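Peer 1: If it helps, the file is called work-v2.cif and holds mmCIF, C-alpha atoms (C1' of nucleotides):
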data_protein
loop_
_atom_site.label_atom_id
_atom_site.label_comp_id
_atom_site.auth_asym_id
_atom_site.auth_seq_id
_atom_site.Cartn_x
_atom_site.Cartn_y
_atom_site.Cartn_z
CA MET P 21 32.78 80.14 -4.84
CA ILE P 22 30.09 82.10 -6.68
CA ALA P 23 28.59 85.32 -5.36
CA LYS P 24 24.90 84.93 -4.57
CA GLU P 25 23.88 87.80 -6.84
CA ASP P 26 25.78 86.29 -9.78
CA MET P 27 24.38 82.82 -9.30
CA TYR P 28 20.98 83.50 -10.81
CA ILE P 29 22.36 85.13 -13.93
CA SER P 30 23.14 81.85 -15.66
CA LEU P 31 19.72 80.43 -14.75
CA ILE P 32 17.92 83.45 -16.16
CA GLU P 33 20.12 83.39 -19.26
CA ASN P 34 19.31 79.71 -19.69
CA ILE P 35 15.59 80.47 -19.57
CA LYS P 36 15.89 83.47 -21.88
CA GLU P 37 17.47 81.26 -24.54
CA LEU P 38 14.08 79.67 -25.09
CA VAL P 39 11.34 82.03 -23.87
CA THR P 40 10.74 85.71 -23.15
CA VAL P 41 10.35 86.71 -19.51
CA SER P 42 9.54 90.08 -17.92
CA GLU P 43 11.38 91.64 -14.98
CA LYS P 44 8.46 90.60 -12.82
CA ASP P 45 8.76 87.03 -14.04
CA ILE P 46 12.47 87.06 -13.31
CA SER P 47 12.00 88.08 -9.71
CA LEU P 48 9.34 85.40 -9.25
CA ILE P 49 11.71 82.83 -10.72
CA MET P 50 14.58 83.98 -8.53
CA ASP P 51 12.43 83.75 -5.43
CA SER P 52 11.51 80.14 -6.27
CA PHE P 53 14.95 78.66 -6.84
CA LYS P 54 17.18 77.97 -3.83
CA PRO P 55 20.95 77.51 -3.99
CA LYS P 56 22.67 74.41 -2.68
CA ALA P 57 26.40 73.70 -2.41
CA LEU P 58 27.91 70.23 -2.65
CA ALA P 59 31.37 68.95 -1.88
CA LYS P 60 33.07 66.46 -4.16
CA LYS P 61 31.54 62.98 -3.67
CA ASP P 62 28.44 64.33 -1.94
CA ILE P 63 25.28 62.45 -2.88
CA LEU P 64 22.53 64.84 -3.97
CA LEU P 65 19.89 62.16 -4.42
CA PHE P 66 19.89 58.62 -3.07
CA LYS P 67 18.26 55.70 -4.81
CA GLY P 68 15.06 55.02 -2.91
CA ASP P 69 14.47 58.64 -1.92
CA THR P 70 11.94 60.69 -3.83
CA SER P 71 13.22 63.51 -5.98
CA ASN P 72 11.25 66.65 -5.14
CA HIS P 73 13.28 69.28 -6.98
CA MET P 74 14.20 70.32 -10.48
CA ARG P 75 17.88 71.16 -10.46
CA PHE P 76 20.02 73.53 -12.50
CA ILE P 77 23.81 73.37 -12.28
CA ILE P 78 25.61 76.67 -11.68
CA GLU P 79 29.13 75.30 -11.36
CA GLY P 80 30.81 71.93 -10.93
CA CYS P 81 30.05 68.47 -12.22
CA LEU P 82 27.54 65.74 -11.33
CA ARG P 83 26.60 62.28 -12.49
CA SER P 84 23.42 60.24 -12.23
CA TYR P 85 23.97 56.51 -12.11
CA TYR P 86 22.15 53.23 -11.76
CA ILE P 87 23.27 50.21 -9.76
CA ASN P 88 21.81 46.86 -10.80
CA GLU P 89 21.25 43.74 -8.70
CA GLU P 90 24.80 42.50 -9.24
CA GLY P 91 26.15 45.79 -7.93
CA HIS P 92 27.40 47.11 -11.26
CA GLU P 93 27.25 50.85 -11.84
CA TYR P 94 25.95 52.41 -15.06
CA ILE P 95 26.24 56.12 -15.65
CA VAL P 96 22.96 57.50 -16.95
CA GLN P 97 23.89 61.13 -17.38
CA PHE P 98 26.59 63.67 -16.66
CA GLY P 99 25.82 67.28 -15.82
CA ILE P 100 27.96 70.38 -15.86
CA ARG P 101 27.49 74.16 -15.77
CA ASN P 102 24.16 75.26 -17.28
CA TRP P 103 22.71 71.75 -17.49
CA TRP P 104 19.62 70.44 -15.74
CA ILE P 105 19.88 67.17 -13.87
CA ASN P 106 17.32 65.00 -12.08
CA ASP P 107 15.78 61.59 -11.70
CA LEU P 108 12.80 62.76 -13.70
CA PHE P 109 10.71 59.63 -13.26
CA SER P 110 10.95 59.91 -9.49
CA TYR P 111 10.18 63.62 -9.63
CA LEU P 112 7.17 63.24 -11.90
CA THR P 113 5.60 60.22 -10.22
CA LYS P 114 6.72 60.92 -6.63
CA THR P 115 8.11 57.40 -6.49
CA PRO P 116 11.47 56.26 -5.07
CA ALA P 117 14.38 57.22 -7.28
CA GLN P 118 16.02 54.52 -9.39
CA TYR P 119 19.23 56.50 -9.73
CA PHE P 120 21.79 58.16 -7.52
CA ILE P 121 22.96 61.69 -8.25
CA GLN P 122 26.44 62.55 -7.02
CA ALA P 123 28.82 65.50 -7.24
CA LEU P 124 32.09 64.67 -8.99
CA GLN P 125 33.54 68.09 -8.25
CA PRO P 126 32.67 70.85 -5.78
CA THR P 127 29.32 71.91 -7.16
CA THR P 128 26.71 74.63 -6.81
CA ILE P 129 23.14 74.13 -7.99
CA LEU P 130 19.89 76.07 -7.94
CA GLN P 131 16.86 73.93 -7.22
CA ILE P 132 13.11 74.44 -7.12
CA HIS P 133 10.67 72.31 -5.17
CA ARG P 134 7.85 70.66 -7.10
CA ASP P 135 5.22 72.66 -5.18
CA ASP P 136 6.96 75.91 -6.02
CA LEU P 137 7.35 74.96 -9.67
CA ASP P 138 3.65 74.17 -9.88
CA LYS P 139 2.95 77.62 -8.46
CA LEU P 140 5.44 79.16 -10.86
CA PHE P 141 3.67 77.54 -13.83
CA ILE P 142 0.56 79.49 -12.83
CA GLN P 143 2.33 82.79 -12.12
CA VAL P 144 4.66 82.56 -15.13
CA PRO P 145 2.89 80.37 -17.69
CA VAL P 146 5.72 80.68 -20.17
CA MET P 147 7.78 78.42 -17.89
CA GLU P 148 5.49 75.63 -19.04
CA ARG P 149 6.73 76.26 -22.55
CA PHE P 150 10.32 76.47 -21.35
CA PHE P 151 10.18 73.00 -19.81
CA ARG P 152 8.33 71.57 -22.80
CA ILE P 153 11.13 72.67 -25.09
CA LYS P 154 13.78 71.43 -22.65
CA MET P 155 12.03 68.07 -22.52
CA GLU P 156 11.81 67.87 -26.29
CA ARG P 157 15.51 68.47 -26.60
CA ALA P 158 16.42 66.05 -23.86
CA TYR P 159 14.26 63.40 -25.48
CA VAL P 160 15.81 63.93 -28.90
CA ALA P 161 19.34 63.89 -27.49
CA ASN P 162 18.72 60.67 -25.62
CA LEU P 163 17.03 58.97 -28.55
CA ASN P 164 20.11 59.83 -30.56
CA ARG P 165 22.24 58.22 -27.85
CA THR P 166 20.12 55.07 -28.09
CA VAL P 167 20.47 54.84 -31.85
CA LYS P 168 24.19 55.54 -31.82
CA SER P 169 24.81 52.93 -29.15
CA MET P 170 23.12 50.38 -31.43
CA SER P 171 24.66 51.40 -34.73
CA GLU P 172 28.21 52.56 -33.95
CA THR P 173 31.34 50.87 -32.67
CA SER P 174 32.54 51.67 -29.19
CA GLU P 175 35.58 53.39 -30.67
CA SER P 176 33.50 55.82 -32.72
CA ARG P 177 31.20 56.45 -29.76
CA TYR P 178 34.26 57.34 -27.70
CA LEU P 179 35.62 59.64 -30.39
CA ASN P 180 32.26 61.34 -30.66
CA PHE P 181 32.07 61.73 -26.89
CA ILE P 182 35.44 63.44 -26.54
CA LYS P 183 34.68 65.63 -29.53
CA THR P 184 31.32 66.88 -28.25
CA HIS P 185 31.90 66.69 -24.48
CA ARG P 186 35.51 67.64 -23.85
CA ASP P 187 34.32 69.80 -20.95
CA ILE P 188 32.88 66.73 -19.25
CA GLU P 189 35.83 64.49 -20.08
CA GLN P 190 38.14 66.88 -18.28
CA ASN P 191 36.11 66.65 -15.08
CA VAL P 192 35.49 62.93 -14.71
CA PRO P 193 37.73 59.87 -14.39
CA GLN P 194 38.14 57.74 -17.46
CA TYR P 195 36.34 54.74 -16.02
CA MET P 196 33.18 56.84 -15.74
CA VAL P 197 33.39 57.79 -19.39
CA ALA P 198 33.63 54.05 -20.10
CA SER P 199 30.55 53.43 -17.98
CA TYR P 200 28.62 56.14 -19.80
CA LEU P 201 29.62 54.61 -23.14
CA GLY P 202 28.55 51.15 -22.00
CA ILE P 203 31.99 49.52 -22.01
CA THR P 204 34.53 48.44 -19.39
CA PRO P 205 37.42 50.69 -18.28
CA GLU P 206 39.87 48.07 -19.58
CA HIS P 207 38.29 48.11 -22.99
CA LEU P 208 38.32 51.91 -23.18
CA SER P 209 41.98 51.74 -22.29
CA THR P 210 42.75 49.45 -25.23
CA ILE P 211 40.66 51.65 -27.53
CA ARG P 212 42.80 54.61 -26.52
CA LYS P 213 45.98 52.62 -27.05
CA ASN P 214 44.90 51.72 -30.58
CA LEU P 215 44.03 55.35 -31.33
CA HIS P 216 47.54 56.48 -30.33
CA GLN P 217 48.85 54.23 -33.16
CA MET W 3 -11.90 51.04 -41.77
CA ILE W 4 -12.82 53.61 -39.17
CA ALA W 5 -15.76 55.97 -39.49
CA LYS W 6 -14.66 59.58 -39.69
CA GLU W 7 -16.80 60.63 -36.75
CA ASP W 8 -15.29 57.90 -34.55
CA MET W 9 -11.71 58.67 -35.48
CA TYR W 10 -11.31 61.71 -33.29
CA ILE W 11 -12.66 60.04 -30.19
CA SER W 12 -9.40 58.29 -29.34
CA LEU W 13 -7.39 61.48 -29.92
CA ILE W 14 -9.63 63.48 -27.61
CA GLU W 15 -9.56 60.70 -25.03
CA ASN W 16 -5.77 60.66 -25.24
CA ILE W 17 -5.65 64.39 -24.56
CA LYS W 18 -8.21 64.20 -21.75
CA GLU W 19 -6.01 61.68 -19.94
CA LEU W 20 -3.59 64.50 -19.14
CA VAL W 21 -5.41 67.84 -19.35
CA THR W 22 -8.92 69.28 -19.16
CA VAL W 23 -10.42 70.64 -22.38
CA SER W 24 -13.71 72.41 -23.06
CA GLU W 25 -16.14 71.58 -25.87
CA LYS W 26 -14.83 74.65 -27.67
CA ASP W 27 -11.26 73.39 -27.30
CA ILE W 28 -12.29 70.01 -28.64
CA SER W 29 -13.76 71.43 -31.80
CA LEU W 30 -10.65 73.54 -32.35
CA ILE W 31 -8.50 70.46 -31.91
CA MET W 32 -10.65 68.42 -34.26
CA ASP W 33 -10.43 71.10 -36.92
CA SER W 34 -6.63 71.09 -36.72
CA PHE W 35 -5.92 67.38 -37.07
CA LYS W 36 -6.30 65.76 -40.50
CA PRO W 37 -6.71 62.04 -41.12
CA LYS W 38 -4.36 60.07 -43.33
CA ALA W 39 -4.59 56.44 -44.38
CA LEU W 40 -1.58 54.25 -45.13
CA ALA W 41 -1.29 50.83 -46.74
CA LYS W 42 1.07 48.22 -45.37
CA LYS W 43 4.67 49.10 -46.31
CA ASP W 44 3.82 52.72 -47.17
CA ILE W 45 6.52 55.17 -46.10
CA LEU W 46 5.06 58.03 -44.10
CA LEU W 47 8.33 59.93 -43.77
CA PHE W 48 11.50 59.50 -45.80
CA LYS W 49 14.98 60.12 -44.45
CA GLY W 50 16.05 63.46 -45.89
CA ASP W 51 12.56 64.95 -45.98
CA THR W 52 11.52 67.37 -43.26
CA SER W 53 8.86 66.24 -40.80
CA ASN W 54 6.19 68.92 -40.62
CA HIS W 55 3.49 67.11 -38.65
CA MET W 56 2.86 65.70 -35.21
CA ARG W 57 1.20 62.34 -35.68
CA PHE W 58 -1.24 60.32 -33.61
CA ILE W 59 -2.02 56.71 -34.51
CA ILE W 60 -5.70 55.76 -34.71
CA GLU W 61 -5.27 52.20 -35.91
CA GLY W 62 -2.50 50.02 -37.31
CA CYS W 63 1.21 49.79 -36.67
CA LEU W 64 4.25 51.85 -37.67
CA ARG W 65 7.99 51.80 -37.13
CA SER W 66 10.65 54.48 -37.28
CA TYR W 67 14.08 53.26 -38.25
CA TYR W 68 17.57 54.41 -38.99
CA ILE W 69 19.87 53.15 -41.74
CA ASN W 70 23.61 53.66 -41.20
CA GLU W 71 26.36 54.02 -43.78
CA GLU W 72 26.81 50.26 -44.10
CA GLY W 73 23.12 49.90 -44.92
CA HIS W 74 22.12 48.25 -41.65
CA GLU W 75 18.67 49.03 -40.28
CA TYR W 76 18.01 49.89 -36.64
CA ILE W 77 14.49 50.25 -35.32
CA VAL W 78 14.17 53.37 -33.22
CA GLN W 79 10.55 53.11 -32.20
CA PHE W 80 7.36 51.18 -32.83
CA GLY W 81 3.96 52.82 -32.74
CA ILE W 82 0.48 51.39 -32.41
CA ARG W 83 -3.03 52.61 -31.63
CA ASN W 84 -3.06 55.67 -29.34
CA TRP W 85 0.69 56.33 -29.63
CA TRP W 86 2.36 59.40 -31.07
CA ILE W 87 5.13 58.90 -33.61
CA ASN W 88 7.50 61.31 -35.34
CA ASP W 89 11.07 62.19 -36.16
CA LEU W 90 10.98 64.83 -33.49
CA PHE W 91 14.40 66.29 -34.20
CA SER W 92 13.44 66.94 -37.80
CA TYR W 93 10.09 68.39 -36.77
CA LEU W 94 11.56 70.69 -34.12
CA THR W 95 14.54 71.94 -36.11
CA LYS W 96 12.99 71.79 -39.60
CA THR W 97 16.02 69.80 -40.73
CA PRO W 98 16.07 66.67 -42.93
CA ALA W 99 14.83 63.59 -41.10
CA GLN W 100 17.40 61.05 -39.91
CA TYR W 101 14.80 58.30 -39.74
CA PHE W 102 12.23 56.65 -41.95
CA ILE W 103 8.70 56.08 -40.69
CA GLN W 104 6.84 53.18 -42.30
CA ALA W 105 3.50 51.45 -41.89
CA LEU W 106 3.82 47.79 -40.95
CA GLN W 107 0.07 47.24 -41.18
CA PRO W 108 -2.78 49.14 -42.83
CA THR W 109 -2.77 52.25 -40.69
CA THR W 110 -4.82 55.37 -40.00
CA ILE W 111 -3.31 58.43 -38.36
CA LEU W 112 -4.40 61.92 -37.42
CA GLN W 113 -1.76 64.56 -38.04
CA ILE W 114 -1.41 68.26 -37.38
CA HIS W 115 0.88 70.59 -39.28
CA ARG W 116 3.46 72.57 -37.31
CA ASP W 117 1.83 75.88 -38.26
CA ASP W 118 -1.56 74.65 -37.07
CA LEU W 119 -0.12 73.31 -33.84
CA ASP W 120 1.55 76.65 -33.13
CA LYS W 121 -1.84 78.31 -33.66
CA LEU W 122 -3.49 75.71 -31.46
CA PHE W 123 -1.03 76.43 -28.63
CA ILE W 124 -2.35 80.01 -28.65
CA GLN W 125 -6.03 79.12 -28.94
CA VAL W 126 -5.85 76.19 -26.49
CA PRO W 127 -2.91 76.92 -24.19
CA VAL W 128 -3.44 73.73 -22.24
CA MET W 129 -2.13 71.82 -25.26
CA GLU W 130 1.25 73.22 -24.36
CA ARG W 131 0.96 71.40 -21.05
CA PHE W 132 -0.27 68.28 -22.79
CA PHE W 133 2.81 68.06 -24.96
CA ARG W 134 5.13 68.91 -22.09
CA ILE W 135 3.81 65.96 -20.12
CA LYS W 136 3.97 63.70 -23.20
CA MET W 137 7.58 64.73 -23.73
CA GLU W 138 8.45 64.11 -20.10
CA ARG W 139 7.05 60.61 -20.31
CA ALA W 140 8.70 59.85 -23.63
CA TYR W 141 12.01 61.05 -22.24
CA VAL W 142 11.72 58.94 -19.12
CA ALA W 143 10.71 55.85 -21.10
CA ASN W 144 13.60 56.21 -23.47
CA LEU W 145 16.12 56.86 -20.71
CA ASN W 146 14.91 53.66 -19.12
CA ARG W 147 15.47 51.87 -22.43
CA THR W 148 19.03 53.22 -22.52
CA VAL W 149 19.81 52.04 -19.01
CA LYS W 150 18.24 48.63 -19.52
CA SER W 151 20.13 48.09 -22.74
CA MET W 152 23.37 48.69 -20.82
CA SER W 153 22.57 46.71 -17.70
CA GLU W 154 20.48 43.73 -18.80
CA THR W 155 21.13 40.66 -20.93
CA SER W 156 19.49 40.41 -24.31
CA GLU W 157 17.35 37.53 -23.04
CA SER W 158 15.90 39.58 -20.21
CA ARG W 159 15.32 42.53 -22.53
CA TYR W 160 13.42 40.22 -24.85
CA LEU W 161 11.34 38.80 -22.03
CA ASN W 162 10.56 42.29 -20.83
CA PHE W 163 9.59 43.37 -24.34
CA ILE W 164 7.10 40.57 -24.91
CA LYS W 165 5.69 41.09 -21.43
CA THR W 166 5.07 44.82 -21.83
CA HIS W 167 4.51 45.05 -25.59
CA ARG W 168 2.64 41.92 -26.62
CA ASP W 169 0.35 44.11 -28.75
CA ILE W 170 3.35 45.23 -30.78
CA GLU W 171 4.95 41.79 -30.96
CA GLN W 172 1.81 40.45 -32.59
CA ASN W 173 1.97 43.03 -35.38
CA VAL W 174 5.62 42.96 -36.41
CA PRO W 175 7.96 40.29 -37.77
CA GLN W 176 10.40 38.81 -35.32
CA TYR W 177 13.47 40.25 -37.01
CA MET W 178 12.17 43.75 -36.30
CA VAL W 179 11.82 42.94 -32.63
CA ALA W 180 15.45 41.81 -32.76
CA SER W 181 16.43 45.08 -34.40
CA TYR W 182 14.60 47.07 -31.74
CA LEU W 183 16.37 45.09 -29.02
CA GLY W 184 19.74 45.67 -30.65
CA ILE W 185 20.48 42.05 -31.55
CA THR W 186 20.50 39.97 -34.75
CA PRO W 187 17.49 37.91 -35.87
CA GLU W 188 19.62 34.76 -35.59
CA HIS W 189 20.49 35.53 -32.02
CA LEU W 190 16.88 36.23 -31.06
CA SER W 191 16.02 32.90 -32.59
CA THR W 192 18.50 31.06 -30.37
CA ILE W 193 17.28 33.00 -27.33
CA ARG W 194 13.76 31.78 -28.08
CA LYS W 195 14.98 28.23 -28.54
CA ASN W 196 16.68 28.29 -25.15
CA LEU W 197 13.55 29.68 -23.51
CA HIS W 198 11.45 26.82 -24.86
CA GLN W 199 13.73 24.47 -22.85
"C1'" DC K 13 2.64 27.06 -58.61
"C1'" DG K 14 6.79 29.40 -57.64
"C1'" DC K 15 9.00 33.04 -55.53
"C1'" DG K 16 10.13 35.98 -51.83
"C1'" DA K 17 9.94 36.87 -47.01
"C1'" DC K 18 10.77 34.97 -42.68
"C1'" DG K 19 12.53 32.00 -39.00
"C1'" DT K 20 15.82 28.47 -37.70
"C1'" DT K 21 20.15 25.99 -37.19
"C1'" DG K 22 25.04 25.32 -37.00
"C1'" DA K 23 30.05 26.57 -37.81
"C1'" DT K 24 33.14 30.06 -37.28
"C1'" DT K 25 34.79 34.50 -35.89
"C1'" DT K 26 35.13 38.57 -33.13
"C1'" DG K 27 34.39 42.32 -29.95
"C1'" DC K 28 34.25 42.86 -25.50
"C1'" DC K 29 34.29 41.13 -20.69
"C1'" DT K 30 36.52 39.01 -16.66
"C1'" DC K 31 40.23 38.42 -13.86
"C1'" DA K 32 44.71 39.38 -12.25
"C1'" DA K 33 48.76 41.94 -11.85
"C1'" DC K 34 51.21 46.11 -11.85
"C1'" DG K 35 52.83 51.12 -12.31
"C1'" DA K 36 51.65 55.99 -11.58
"C1'" DT K 37 49.38 59.46 -9.28
"C1'" DT K 38 46.80 61.49 -5.60
"C1'" DG K 39 45.50 62.17 -1.11
"C1'" DT K 40 45.80 61.69 3.78
"C1'" DG K 41 46.99 60.79 8.51
"C1'" DG K 42 50.78 60.51 11.61
"C1'" DC H 13 56.43 66.63 5.12
"C1'" DC H 14 56.89 62.07 4.46
"C1'" DA H 15 54.96 57.33 4.04
"C1'" DC H 16 51.54 54.55 3.07
"C1'" DA H 17 47.03 53.63 1.17
"C1'" DA H 18 43.64 54.32 -2.09
"C1'" DT H 19 42.41 55.50 -6.67
"C1'" DC H 20 43.06 55.20 -11.37
"C1'" DG H 21 44.81 53.70 -15.84
"C1'" DT H 22 47.21 50.08 -18.34
"C1'" DT H 23 48.43 45.50 -19.97
"C1'" DG H 24 47.78 40.70 -21.02
"C1'" DA H 25 45.63 35.96 -20.78
"C1'" DG H 26 41.61 33.53 -21.27
"C1'" DG H 27 36.66 33.09 -21.96
"C1'" DC H 28 32.02 34.15 -23.41
"C1'" DA H 29 28.16 36.39 -25.69
"C1'" DA H 30 26.76 37.70 -29.83
"C1'" DA H 31 27.84 38.69 -34.82
"C1'" DT H 32 28.70 36.84 -39.35
"C1'" DC H 33 28.02 33.70 -42.88
"C1'" DA H 34 25.76 30.05 -45.16
"C1'" DA H 35 22.27 26.70 -45.78
"C1'" DC H 36 17.73 25.16 -45.36
"C1'" DG H 37 12.58 24.65 -44.26
"C1'" DT H 38 8.11 26.85 -44.22
"C1'" DC H 39 4.62 29.76 -45.16
"C1'" DG H 40 1.81 33.15 -47.61
"C1'" DC H 41 0.91 35.62 -51.58
"C1'" DG H 42 0.93 37.29 -56.42
#
Would you write the structure of this file as structure tokens?
Peer 2:
Amino acid sequence: MIAKEDMYISLIENIKELVTVSEKDISLIMDSFKPKALAKKDILLFKGDTSNHMRFIIEGCLRSYYINEEGHEYIVQFGIRNWWINDLFSYLTKTPAQYFIQALQPTTILQIHRDDLDKLFIQVPVMERFFRIKMERAYVANLNRTVKSMSETSESRYLNFIKTHRDIEQNVPQYMVASYLGITPEHLSTIRKNLHQ
Amino acid sequence: MIAKEDMYISLIENIKELVTVSEKDISLIMDSFKPKALAKKDILLFKGDTSNHMRFIIEGCLRSYYINEEGHEYIVQFGIRNWWINDLFSYLTKTPAQYFIQALQPTTILQIHRDDLDKLFIQVPVMERFFRIKMERAYVANLNRTVKSMSETSESRYLNFIKTHRDIEQNVPQYMVASYLGITPEHLSTIRKNLHQ
DNA sequence: CGCGACGTTGATTTGCCTCAACGATTGTGG
DNA sequence: CCACAATCGTTGAGGCAAATCAACGTCGCG
């Protein structure tokens, strides 16, 4: 459980990492973002619904995932403390979401409605820059994921994942790590066996 | 060959698709972007060099690609008329590029140096919004590529590629399409054979 | 003309999936 | 608080999609 007054600190810190905001800006930002608590397994966004909020994770763990026609699940993204998570295509185009977003642990988020964010962009123009930089980084990170998934073995992708995302690995079952890496749980299991000599 | 006075039209049109700019803004933009011509096979950016420009394609065709330790090539992105292309990570962090960018056809681009773009963001603040929206769309498109590469067969990815990118397919050799799709040229060849009954 | 770049074909190999079975752990209702 | 069920990870057998390797035909260009 996080005290309400503490909750906004990590959001403001996250913004201050990239842009400079005044005290006035901060209070406008705080007024725009609303907290939401989720229990483990709660679905934050259903496929088919429209995503109307940008979401910042205060505490807990979430996943976004895709289910294809055959019913197979593919994990698109994990999110933990201080990450942003969304079905961005749905949010931007106001179309039905392609992905589910689900809490994997008890989770607290701060979210802002699209209408309020549009207002905020006018009141605090530097937020436009903040999201541009966030988008740039997200794009670069994902492009890197694409290239690595083409050029590296599944074993080295797994090793890289546990090296750079130990905090996520500790919060999600192994079969979800496999899904994120694009392999089956059985295959990840044999990879791990081989690694332990 | 494109007349100098015509060259900027497509850039301005590209910007106007997303944001509103005044005549004054337009002339500031035009002053900031410099043309560059490339012959087929010219390398625009070498791995190891730092990317210092944002680049907009007027005419022609380019690819960015990655070479791993074993010497295998992986195509990260194609670019044709009216697309932006860059090694964004290198540009943003001023670090050595991970990718090559090469012309696959005689190509003309307009490019703006980082310093000039930073100035332009101050003179024409709406350009900040322009690039935020571009980044959002690039991120969404690439995330979609990631998910599709996990959840679809190589045949359906190929069919989708030729359906949505026929303009690219006509400008690049088949083995580069295979590389972009994450399969071998031989395998793409057998996919095509099977499709032709 | 001759060479290099490109696409195709087939034989063989391999990385990973599918399917099935089985412990170990966790969680839950009686 | 225990018993049973569900969840999760592991193991192994068998199969398939795609890679590797090698050879060959064709085309365009210097």
Peer 1: Which of these, W:Lys136, W:Glu15, W:Asp8, W:Thr22, has the shortest distance to Pro37 (chain W) once you count all atoms listed in the file?
Peer 2: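 Looking at the shortest contact to Pro37 (chain W), the residue is W:Asp8.
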Peer 1: If you apply the PyMOL selection byres ((chain H and resi 16) around 10) to this file, what residues do you get, as an MDAnalysis selection string?
Peer 2: (chainID K and resid 40:41) or (chainID H and resid 14:15 17:18)
Peer 1: Could you pull out every residue with an atom within 12 Å of (23.4, 73.7, -9.8), file coordinates, counting all atoms listed in the file, and send them as a PyMOL selection string?
Peer 2: chain P and resi 22+27-28+30-31+53-58+64+73-82+99-106+122-123+125-132
Peer 1: Find the residues in chain W near chain P: any atom within 7 Å counts, using only C-alpha atoms. Write them as number ranges by chain.
Peer 2: W: 70, 78, 90-91, 130-131, 133-134, 137-138, 140-142, 144-145, 148-149, 152-153, 184
Peer 1: Rounded to one decimal, what separation in Å do you get between CA of Leu122 (chain W) and CA of Glu25 (chain W)?
Peer 2: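 So the answer is 14.4 Å.
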Peer 1: Using the chain letters and numbers from this file, what does the PyMOL selection byres ((chain H) within 12 of (chain W)) select? Give the answer as number ranges by chain.
Peer 2: H: 29-33
Peer 1: When the PyMOL selection byres ((chain W) within 9 of (chain K)) is applied to the file above, which residues end up in the set, as a VMD selection string?
Peer 2: chain W and resid 175 to 177 187 to 188 191 to 192
Peer 1: Take CA of Leu119 (chain W) and CA of Asp135 (chain P) and report the distance between them in Å, one decimal.
Peer 2: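 Going from CA of Leu119 (chain W) over to CA of Asp135 (chain P), I get 29.2 Å.
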Peer 1: Would you mind reading off the distance between CA of His198 (chain W) and CA of Arg65 (chain W), one decimal, in Å?
Peer 2: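 Distance reported for this atom pair: 28.0 Å.
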Peer 1: Using all atoms listed in the file, which of W:Leu30, W:Ala41, W:Ile11, W:Ile170 sits nearest Met129 (chain W)?
Peer 2: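 Answer, going by the shortest atom-to-atom distance: W:Leu30.
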Peer 1: Taking 2 positions as the minimum chain separation for residues in the same chain, which residues sit within 9 Å of Phe48 (chain W) when counting only C-alpha atoms (C1' of nucleotides)? Answer as number ranges by chain.
Peer 2: W: 45-46, 50-53, 98-104
Peer 1: Could you tell me which of P:Lys139, P:Lys61, P:Lys213, P:Lys36 comes closest to DT23 (chain H) if we count only C-alpha atoms (C1' of nucleotides)?
Peer 2: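 When distances to DT23 (chain H) are compared using only C-alpha atoms (C1' of nucleotides), the smallest one comes from P:Lys213.
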